[in-house]
Structures are given as structure tokens and as C-alpha cells.
>>> print(open('target.csv').read())   # CSV, C-alpha atoms
chain,number,residue,atom,x,y,z
A,1,MET,CA,123.0,139.4,79.6
A,2,THR,CA,119.9,137.6,78.5
A,3,ALA,CA,119.6,134.1,77.1
A,4,SER,CA,118.6,135.6,73.7
A,5,THR,CA,121.8,137.7,73.6
A,6,VAL,CA,124.0,134.6,74.2
A,7,ASP,CA,122.2,132.7,71.5
A,8,LEU,CA,122.5,135.6,69.1
A,9,ARG,CA,126.2,135.8,69.6
A,10,ALA,CA,126.5,132.0,69.0
A,11,THR,CA,124.5,132.4,65.8
A,12,CYS,CA,126.7,135.3,64.6
A,13,HIS,CA,129.8,133.3,65.3
A,14,TYR,CA,128.4,130.4,63.3
A,15,GLY,CA,127.7,132.7,60.4
A,16,ASP,CA,131.2,134.1,60.5
A,17,SER,CA,132.8,130.7,60.4
A,18,ARG,CA,130.6,129.6,57.5
A,19,ARG,CA,131.6,132.8,55.6
A,20,ARG,CA,135.3,131.9,56.1
A,21,GLU,CA,134.6,128.4,54.9
A,22,ARG,CA,132.9,129.6,51.8
A,23,GLY,CA,135.7,132.0,51.0
A,24,MET,CA,138.3,129.2,51.3
A,25,ALA,CA,136.4,126.5,49.5
A,26,GLY,CA,134.7,128.7,46.9
A,27,GLY,CA,131.4,127.9,45.0
A,28,GLY,CA,128.4,126.1,46.4
A,29,ARG,CA,125.0,127.3,47.4
A,30,ASP,CA,125.0,130.4,49.6
A,31,GLN,CA,123.7,129.4,53.0
A,32,LEU,CA,124.6,132.6,54.8
A,33,GLY,CA,121.8,134.7,53.4
A,34,PRO,CA,119.0,132.8,55.4
A,35,ILE,CA,121.2,132.7,58.5
A,36,GLU,CA,122.0,136.4,58.4
A,37,ARG,CA,118.3,137.1,57.9
A,38,LEU,CA,117.4,135.1,61.0
A,39,VAL,CA,120.0,137.0,63.0
A,40,ARG,CA,118.7,140.3,61.9
A,41,LEU,CA,115.1,139.4,62.8
A,42,LEU,CA,116.1,138.2,66.2
A,43,ALA,CA,118.3,141.2,66.8
A,44,VAL,CA,115.5,143.6,66.0
A,45,LEU,CA,113.0,141.6,68.1
A,46,GLU,CA,115.3,141.6,71.1
A,47,SER,CA,116.1,145.3,70.9
A,48,ALA,CA,112.4,146.1,70.8
A,49,GLY,CA,111.8,144.3,74.1
A,50,LEU,CA,108.2,144.0,75.3
A,51,ALA,CA,107.1,146.9,73.0
A,52,GLY,CA,107.4,144.5,70.1
A,53,VAL,CA,108.0,145.0,66.4
A,54,GLY,CA,105.4,145.5,63.7
A,55,GLN,CA,105.0,143.1,60.8
A,56,GLN,CA,106.1,145.7,58.2
A,57,GLN,CA,109.3,146.5,60.1
A,58,LEU,CA,110.2,142.9,60.2
A,59,LEU,CA,109.5,142.6,56.5
A,60,ASP,CA,111.8,145.6,55.8
A,61,VAL,CA,114.5,143.9,57.9
A,62,ALA,CA,114.2,140.5,56.2
A,63,ARG,CA,114.1,141.9,52.6
A,64,TYR,CA,112.2,139.0,51.1
A,65,GLY,CA,111.5,138.9,47.4
A,66,GLY,CA,108.1,138.7,45.7
A,67,ASP,CA,104.9,140.6,46.4
A,68,HIS,CA,103.5,141.5,49.8
A,69,ASP,CA,101.6,138.3,50.3
A,70,ASP,CA,104.6,136.2,49.5
A,71,GLN,CA,106.8,138.2,51.9
A,72,ARG,CA,104.2,137.9,54.7
A,73,ARG,CA,104.0,134.1,54.2
A,74,ALA,CA,107.8,133.8,54.2
A,75,LEU,CA,108.0,135.8,57.4
A,76,ASN,CA,105.3,133.7,59.1
A,77,ARG,CA,107.1,130.6,58.0
A,78,GLU,CA,110.5,131.7,59.5
A,79,LEU,CA,108.9,132.9,62.7
A,80,LYS,CA,107.2,129.5,63.1
A,81,ASN,CA,110.6,127.8,62.5
A,82,LEU,CA,112.2,129.9,65.1
A,83,THR,CA,109.4,129.1,67.6
A,84,ASP,CA,109.8,125.4,66.9
A,85,ALA,CA,113.5,125.8,67.5
A,86,GLY,CA,112.9,127.1,71.0
A,87,TRP,CA,112.5,130.9,70.6
A,88,ASP,CA,109.5,132.4,72.3
A,89,ILE,CA,108.0,134.8,69.6
A,90,ARG,CA,104.4,135.8,70.1
A,91,ASN,CA,102.0,138.0,68.1
A,92,VAL,CA,100.6,140.5,70.7
A,93,GLY,CA,98.6,142.5,68.2
A,94,GLU,CA,94.9,142.9,68.6
A,95,VAL,CA,92.6,140.5,66.8
A,96,GLY,CA,91.8,142.0,63.4
A,97,GLY,CA,94.6,144.5,63.6
A,98,ASP,CA,98.2,144.6,62.4
A,99,ALA,CA,100.5,141.9,63.7
A,100,ARG,CA,103.0,142.9,66.4
A,101,TYR,CA,105.7,140.4,67.5
A,102,VAL,CA,107.4,140.2,70.9
A,103,LEU,CA,110.5,138.1,71.7
A,104,ARG,CA,110.5,137.0,75.3
A,105,ALA,CA,113.9,136.2,76.7
A,106,ARG,CA,114.4,132.7,78.1
A,107,ASP,CA,116.9,129.9,78.1
A,108,THR,CA,116.0,128.2,74.8
A,109,ARG,CA,118.1,125.1,75.6
A,110,LEU,CA,115.4,124.0,78.1
A,111,ARG,CA,112.6,124.2,75.5
A,112,VAL,CA,114.6,122.4,72.8
A,113,SER,CA,115.8,119.6,75.2
A,114,LEU,CA,112.4,118.7,76.6
A,115,THR,CA,109.4,117.3,74.9
A,116,ARG,CA,106.0,119.0,75.4
A,117,GLU,CA,105.0,116.3,77.9
A,118,GLN,CA,108.2,116.7,79.8
A,119,LYS,CA,107.7,120.5,80.0
A,120,ALA,CA,104.2,119.9,81.4
A,121,GLU,CA,105.6,117.5,84.0
A,122,LEU,CA,108.3,120.1,85.0
A,123,ALA,CA,105.7,122.8,85.2
A,124,ARG,CA,103.5,120.7,87.4
A,125,ALA,CA,106.4,120.0,89.7
A,126,ALA,CA,107.1,123.7,90.0
A,127,THR,CA,103.5,124.4,90.7
A,128,LEU,CA,103.6,121.8,93.6
A,129,ALA,CA,106.7,123.6,94.9
A,130,GLY,CA,105.0,127.0,94.8
A,131,VAL,CA,107.0,128.5,92.0
A,132,LYS,CA,104.6,130.8,90.2
A,133,ASP,CA,104.7,131.4,86.4
A,134,PHE,CA,107.2,128.6,85.9
A,135,ALA,CA,105.0,127.0,83.3
A,136,ASP,CA,105.3,130.2,81.2
A,137,LEU,CA,109.1,130.1,81.5
A,138,VAL,CA,109.5,126.5,80.1
A,139,GLY,CA,107.0,126.7,77.3
A,140,ASP,CA,103.4,126.7,76.5
A,141,ALA,CA,101.7,123.9,78.5
A,142,PRO,CA,98.1,123.1,77.5
A,143,GLN,CA,95.6,125.1,79.5
A,144,VAL,CA,92.5,124.0,81.3
A,145,ASP,CA,89.2,125.9,80.9
A,146,ALA,CA,88.8,127.0,84.5
A,147,ARG,CA,85.1,127.9,84.0
A,148,ALA,CA,84.3,124.4,82.8
A,149,VAL,CA,85.4,122.9,86.1
A,150,GLY,CA,83.8,125.5,88.2
A,151,ILE,CA,86.8,127.5,89.5
A,152,SER,CA,88.2,130.9,88.7
A,153,ASP,CA,92.0,130.4,88.7
A,154,PRO,CA,93.9,129.2,85.6
A,155,LEU,CA,95.5,125.8,86.0
A,156,VAL,CA,98.4,124.0,84.5
A,157,SER,CA,97.3,120.9,82.6
A,158,THR,CA,99.4,117.8,82.5
A,159,SER,CA,99.8,114.7,80.5
A,160,GLU,CA,99.3,112.1,83.2
A,161,HIS,CA,95.6,112.3,84.1
A,162,PRO,CA,93.0,115.1,84.0
A,163,ASN,CA,92.2,114.6,87.7
A,164,LEU,CA,95.8,115.7,88.6
A,165,THR,CA,95.2,119.4,87.7
A,166,LEU,CA,92.1,119.5,90.0
A,167,CYS,CA,94.0,117.7,92.8
A,168,ILE,CA,96.8,120.2,92.6
A,169,TYR,CA,94.3,123.1,92.8
A,170,ALA,CA,92.4,121.5,95.6
A,171,ALA,CA,95.5,120.9,97.7
A,172,SER,CA,96.8,124.5,97.2
A,173,HIS,CA,93.4,126.1,97.8
A,174,ARG,CA,92.1,123.8,100.5
A,175,CYS,CA,89.2,122.5,98.6
A,176,LEU,CA,87.2,119.5,99.8
A,177,LEU,CA,87.3,116.6,97.3
A,178,GLN,CA,84.7,113.9,96.6
A,179,PHE,CA,85.5,110.9,94.4
A,180,MET,CA,84.9,107.2,93.9
A,181,TYR,CA,87.9,105.1,94.9
A,182,LYS,CA,88.0,101.3,95.1
A,183,LYS,CA,84.2,101.2,94.7
A,184,ARG,CA,83.6,103.5,97.6
A,185,LEU,CA,82.7,107.2,97.8
A,186,ARG,CA,85.4,109.3,99.5
A,187,LEU,CA,85.2,112.7,101.0
A,188,VAL,CA,88.8,113.9,101.5
A,189,HIS,CA,90.5,116.9,102.9
A,190,PRO,CA,93.6,117.2,100.7
A,191,ARG,CA,97.0,118.2,102.1
A,192,VAL,CA,99.5,117.7,99.2
A,193,VAL,CA,100.0,116.0,95.8
A,194,GLN,CA,103.2,114.1,95.6
A,195,PRO,CA,105.0,111.5,93.4
A,196,GLY,CA,104.9,107.8,94.4
A,197,PRO,CA,105.8,104.4,93.1
A,198,SER,CA,102.8,104.3,90.6
A,199,GLY,CA,102.5,107.9,89.5
A,200,TRP,CA,101.0,110.8,91.5
A,201,TYR,CA,99.2,110.5,94.8
A,202,LEU,CA,96.9,112.8,96.8
A,203,ALA,CA,97.7,112.8,100.5
A,204,GLY,CA,94.8,113.7,102.8
A,205,CYS,CA,92.4,112.7,105.5
A,206,GLU,CA,88.9,111.3,104.8
A,207,ASP,CA,86.2,113.4,106.4
A,208,GLY,CA,85.9,112.5,110.1
A,209,GLN,CA,89.2,110.6,110.3
A,210,ASP,CA,92.6,111.5,111.7
A,211,VAL,CA,94.8,109.1,109.6
A,212,GLU,CA,96.2,110.5,106.5
A,213,LYS,CA,96.0,108.2,103.4
A,214,ASN,CA,97.4,108.3,99.9
A,215,PHE,CA,95.1,108.1,97.0
A,216,ALA,CA,96.4,107.3,93.5
A,217,VAL,CA,95.2,110.1,91.3
A,218,GLY,CA,94.8,107.9,88.2
A,219,ARG,CA,92.4,105.6,90.1
A,220,MET,CA,89.9,108.4,91.1
A,221,ARG,CA,86.5,108.4,89.4
A,222,THR,CA,83.8,111.0,89.2
A,223,LEU,CA,86.0,113.6,90.9
A,224,ALA,CA,84.2,116.7,92.3
A,225,ILE,CA,85.8,119.8,93.8
A,226,ASP,CA,84.2,122.1,96.5
A,227,ARG,CA,84.9,125.8,96.9
A,228,PRO,CA,88.3,127.1,98.2
A,229,GLY,CA,88.6,126.9,101.9
A,230,SER,CA,86.0,124.1,102.4
A,231,ALA,CA,88.7,121.6,103.5
A,232,THR,CA,90.4,121.5,106.9
A,233,VAL,CA,94.0,120.4,107.0
A,234,THR,CA,95.7,119.6,110.3
A,235,TYR,CA,99.4,118.8,110.5
A,236,ASP,CA,99.3,116.7,113.7
A,237,VAL,CA,97.5,113.7,112.1
A,238,ARG,CA,99.1,110.4,111.6
A,239,HIS,CA,100.7,110.2,108.2
A,240,THR,CA,100.9,106.9,106.3
A,241,GLN,CA,103.6,106.2,103.9
A,242,LEU,CA,103.1,105.4,100.2
A,243,ASP,CA,104.1,101.8,100.8
A,244,PRO,CA,100.9,99.8,101.3
A,245,LEU,CA,102.7,97.5,103.7
A,246,THR,CA,102.8,100.3,106.2
A,247,TRP,CA,99.1,101.3,106.0
A,248,LEU,CA,96.9,100.7,109.1
A,249,VAL,CA,94.3,98.5,107.4
A,250,ASP,CA,94.2,95.6,109.9
A,251,PRO,CA,94.9,95.3,113.7
A,252,PRO,CA,98.6,95.1,114.3
A,253,VAL,CA,100.0,91.7,114.6
A,254,ASP,CA,103.6,90.3,115.0
A,255,VAL,CA,104.3,87.7,112.3
A,256,VAL,CA,107.2,85.3,112.9
A,257,VAL,CA,109.0,84.1,109.7
A,258,GLU,CA,112.0,82.0,109.1
A,259,THR,CA,114.6,82.4,106.4
A,260,THR,CA,118.4,81.9,105.8
A,261,ASP,CA,121.1,84.3,106.7
A,262,ASP,CA,121.7,85.0,103.0
A,263,HIS,CA,118.2,86.1,102.5
A,264,VAL,CA,117.6,88.3,105.6
A,265,ALA,CA,118.2,91.5,103.8
A,266,HIS,CA,116.0,90.6,100.9
A,267,VAL,CA,113.2,89.4,103.2
A,268,GLU,CA,113.3,92.6,105.3
A,269,SER,CA,113.3,94.8,102.2
A,270,ARG,CA,110.1,93.2,101.0
A,271,LEU,CA,108.2,92.4,104.3
A,272,GLY,CA,109.5,95.3,106.4
A,273,ALA,CA,112.1,95.8,109.2
A,274,SER,CA,112.0,93.1,111.9
A,275,THR,CA,111.7,94.0,115.6
A,276,SER,CA,113.7,90.9,116.7
A,277,ARG,CA,116.1,88.4,115.2
A,278,THR,CA,117.1,85.0,116.6
A,279,GLY,CA,118.6,81.8,115.1
A,280,THR,CA,121.7,80.1,114.0
A,281,ASP,CA,124.2,80.7,111.2
A,282,GLU,CA,121.9,78.8,108.8
A,283,ARG,CA,118.4,79.5,109.9
A,284,VAL,CA,117.2,83.0,111.1
A,285,THR,CA,113.9,83.8,112.7
A,286,LEU,CA,112.5,87.3,112.3
A,287,THR,CA,109.5,89.0,114.0
A,288,ILE,CA,107.8,91.5,111.7
A,289,PRO,CA,105.0,93.9,112.6
A,290,VAL,CA,102.1,93.6,110.1
A,291,THR,CA,99.2,96.1,109.7
A,292,HIS,CA,98.1,95.3,106.2
A,293,ARG,CA,97.7,91.5,105.9
A,294,ALA,CA,96.8,91.4,102.2
A,295,ALA,CA,99.9,93.5,101.2
A,296,PHE,CA,102.0,91.2,103.5
A,297,ARG,CA,100.7,88.1,101.7
A,298,HIS,CA,101.4,89.6,98.3
A,299,ARG,CA,105.0,90.4,99.3
A,300,LEU,CA,105.3,86.9,100.9
A,301,TYR,CA,104.4,85.2,97.7
A,302,GLU,CA,107.0,87.1,95.8
A,303,LEU,CA,109.7,85.7,98.1
A,304,GLY,CA,108.6,82.1,97.4
A,305,THR,CA,110.6,79.5,99.2
A,306,ARG,CA,113.1,82.0,100.6
A,307,VAL,CA,110.8,82.5,103.6
A,308,ARG,CA,108.4,80.5,105.8
A,309,VAL,CA,105.7,81.8,108.2
A,310,LEU,CA,105.9,80.2,111.6
A,311,ALA,CA,103.3,82.2,113.6
A,312,PRO,CA,100.7,83.2,114.6
A,313,ASP,CA,98.3,80.4,113.6
A,314,GLU,CA,95.6,82.8,112.4
A,315,VAL,CA,97.9,84.4,109.9
A,316,ARG,CA,99.1,81.0,108.7
A,317,ALA,CA,95.5,80.0,108.2
A,318,GLU,CA,94.7,83.1,106.2
A,319,ILE,CA,97.6,82.4,103.9
A,320,VAL,CA,96.4,78.8,103.4
A,321,ARG,CA,92.9,79.9,102.6
A,322,ASP,CA,94.1,82.6,100.2
A,323,LEU,CA,96.4,80.2,98.3
A,324,GLU,CA,93.6,77.6,98.1
A,325,ALA,CA,91.2,80.3,96.7
A,326,GLN,CA,93.8,81.3,94.1
A,327,ALA,CA,94.3,77.7,93.2
A,328,GLU,CA,90.6,77.2,92.6
A,329,VAL,CA,90.4,80.3,90.3
A,330,ALA,CA,93.4,79.1,88.4
A,331,SER,CA,91.9,75.7,87.8
>>> encode(input="target.csv", output="C-alpha cells")
Amino acid sequence: MTASTVDLRATCHYGDSRRRERGMAGGGRDQLGPIERLVRLLAVLESAGLAGVGQQQLLDVARYGGDHDDQRRALNRELKNLTDAGWDIRNVGEVGGDARYVLRARDTRLRVSLTREQKAELARAATLAGVKDFADLVGDAPQVDARAVGISDPLVSTSEHPNLTLCIYAASHRCLLQFMYKKRLRLVHPRVVQPGPSGWYLAGCEDGQDVEKNFAVGRMRTLAIDRPGSATVTYDVRHTQLDPLTWLVDPPVDVVVETTDDHVAHVESRLGASTSRTGTDERVTLTIPVTHRAAFRHRLYELGTRVRVLAPDEVRAEIVRDLEAQAEVAS
């Protein structure tokens, strides 16, 4: 049983109930004629399958009034309304020839429930998961002109950023990517595109390095894509997480901070898990490994007076200099 059959039965049941209501109440404008006409059109389209139905046959089934042009306009209007309501009805006739319509079975509830942008996002997620033709199942996502970007395969476009489509293609076809990122030219071997805290990220290794990094797709500039197979992806590299605090930007250093027992959980959630903990019931000392000092300082400022840095002196001096520089800018 297809989704179309289920919906047709629901529509027929709706028409029967309306007919009974009209018989009981009497009078009023007849609403069943248009409903029954839609049911007849859908039934004929579904029975025809992929062979489709010619325009004249649909006109005969619909039995519109007026001349031929009026009937054709009425049919186009109703087919458009059905399409807007979630039905997938397409004209597969040749350009310049007679129209021929095909109803493609799908669960119309998905198309009605989701906006165009949401359908594009869902189609992209399915593409990342390797589910082929899913975009066609959920609805018509906007397409990218593949020839304009120098590739041969059709791509699923999305609403977030035009770079995202190319990144998905590059990761799935092992294409070397070149782009500007944080004022520096990057040459990246992509592995995967994945969601993160600020949108979508490309995970991959810069050329000549063995540490995988995550690049925010929306921050890429002047993105260029090489031929399929030009990238090399190894799965024994060191993977960084999306949290900047875990990135290997600076030489590792153990930072000792002090807080209260009530704030330990909050401090560790922002600064990272501690490797040691000492102290009394009121004051607690935590040792936290730090590999990205700028990210650590940013998180530290968010905590305010809940935490105090005790050691090492070089980190304390960096914090003082950074706060002084911010104070000068603010003044």
C-alpha cells in the first residue's frame, strides 16, 4: 500500500462524511464537487503509475466547464494546489509536446510538515549519511549547476552556506580543498562534514600535517576544489574535537586554579576536566591541562570571580597582560 493510497482513502472518507452532513443539515454551498474531482484526478494519476496520464484524459475526468483554454487553466491551477499540499505531480511530457502528468508515491506528511529550508537540511544530512536519492524523496531541493563549479556530479544545495555543498562533495569524493581561513591560505585533505556548535564543520588535515582540525564552513573564503581522488585521507591521525579548548594550539601546560566546592562542576564544564583535586570543604584546588591558552582565558573570564588562577606564573602574567590590553581598548 503506497502513501498515495492511504491519503486517497482518507480523502474519500472525508468526502463521505461531508456528504452525510449535507444531507442532514440541508442547503448551503456544495463543497463536495471540488473534493470529489480532486479524488478522481488523484485516483487516475495513481493508477497510471510511471506511465503517466495525458492532459486531455485528466480534463475528461475533471469535467470542467467553459472552453478548452478555461479547462486547461483550471486543471493547471488544481494540480498546482495539489503540489503545494504535498503531492508530487510532475509534467514529464517533452518540451513543446502534449503535457503528461505522473504522480510519484511518497509520504506527503513529510513534505507538508517541513519548510523548504528544513527539507534541504534533511536532504543534506542524508547525503552525509550516504543515503542516495533522499533529496528526491523529501521534495525538490534547489540544485547546483555542477558545470559552473567544475565538477560533473549533481549536488544537493542547502540554505546554510554555498560552500557547504562543495565541502560535502569534496569529503565524499576525496577532493583536495583550498580556501582562506583566518587570514591564512589552507590546503586541506577533507575527511567528513559534520554538525558542530556553530553550524557545519569540515574535518580534515592540512597538507603535510597529521593533526586533524575542524574548519567552520561558513568562515571559509575563496574556496577552490581539486579533482576527485586528489586528497589523501588517513584514519590513524590525531583527531581534535570541535571544542576549541581541546585544540593543540600551544604547548601543553598544567594550570592550577582555585574555586569553591559549589562551583567545581561549573568550572570543569567550562575549563575542562581536572587531573587532580585537593583542598578543604570550602576551597578546592584543581589542576587543568591547557593546550589552547586563548580559549582558556576566554572561558576563564566567563566564570568571573568563581575561579582564581594560582599557577604557573607565565599563565598568570599572560592573563594580566590580556586584561590590561582589553582595558586600554575599552577606554
>>> residues_around(input="target.csv", residues="Leu177 (chain A)", least_positions_apart="3", cutoff="10 Å", atoms="only C-alpha atoms", output="ChimeraX atom specification")
/A:166-167,170-171,174,186-190,204,206-207,223-227,230-231
>>> atom_distance(input="target.csv", atom1="CA of Ala216 (chain A)", atom2="CA of Pro251 (chain A)")
23.5 Å
>>> closest_residue(input="target.csv", among="A:Arg277, A:His266, A:Arg316, A:Arg104", to="Arg299 (chain A)", atoms="all atoms listed in the file")
A:His266
>>> residues_around(input="target.csv", residues="Thr287 (chain A)", least_positions_apart="6", cutoff="7 Å", atoms="all atoms listed in the file", output="ChimeraX atom specification")
/A:254-257,274-277
>>> closest_residue(input="target.csv", among="A:Thr222, A:Cys205, A:Asp88, A:Lys213", to="Pro162 (chain A)", atoms="all atoms listed in the file")
A:Thr222
>>> residues_around(input="target.csv", residues="Glu318 (chain A)", least_positions_apart="5", cutoff="12 Å", atoms="only C-alpha atoms", output="PyMOL selection string")
chain A and resi 293-294+296-297+309+311-313+323-325
>>> atom_distance(input="target.csv", atom1="CA of Thr259 (chain A)", atom2="CA of Val284 (chain A)")
5.4 Å
>>> residues_near_point(input="target.csv", point="(120.5, 83.5, 114.8)", cutoff="12 Å", atoms="only C-alpha atoms", output="ChimeraX atom specification")
/A:258-262,264,276-286
>>> closest_residue(input="target.csv", among="A:Arg63, A:Lys80, A:His263, A:Arg270", to="Tyr101 (chain A)", atoms="only C-alpha atoms")
A:Lys80
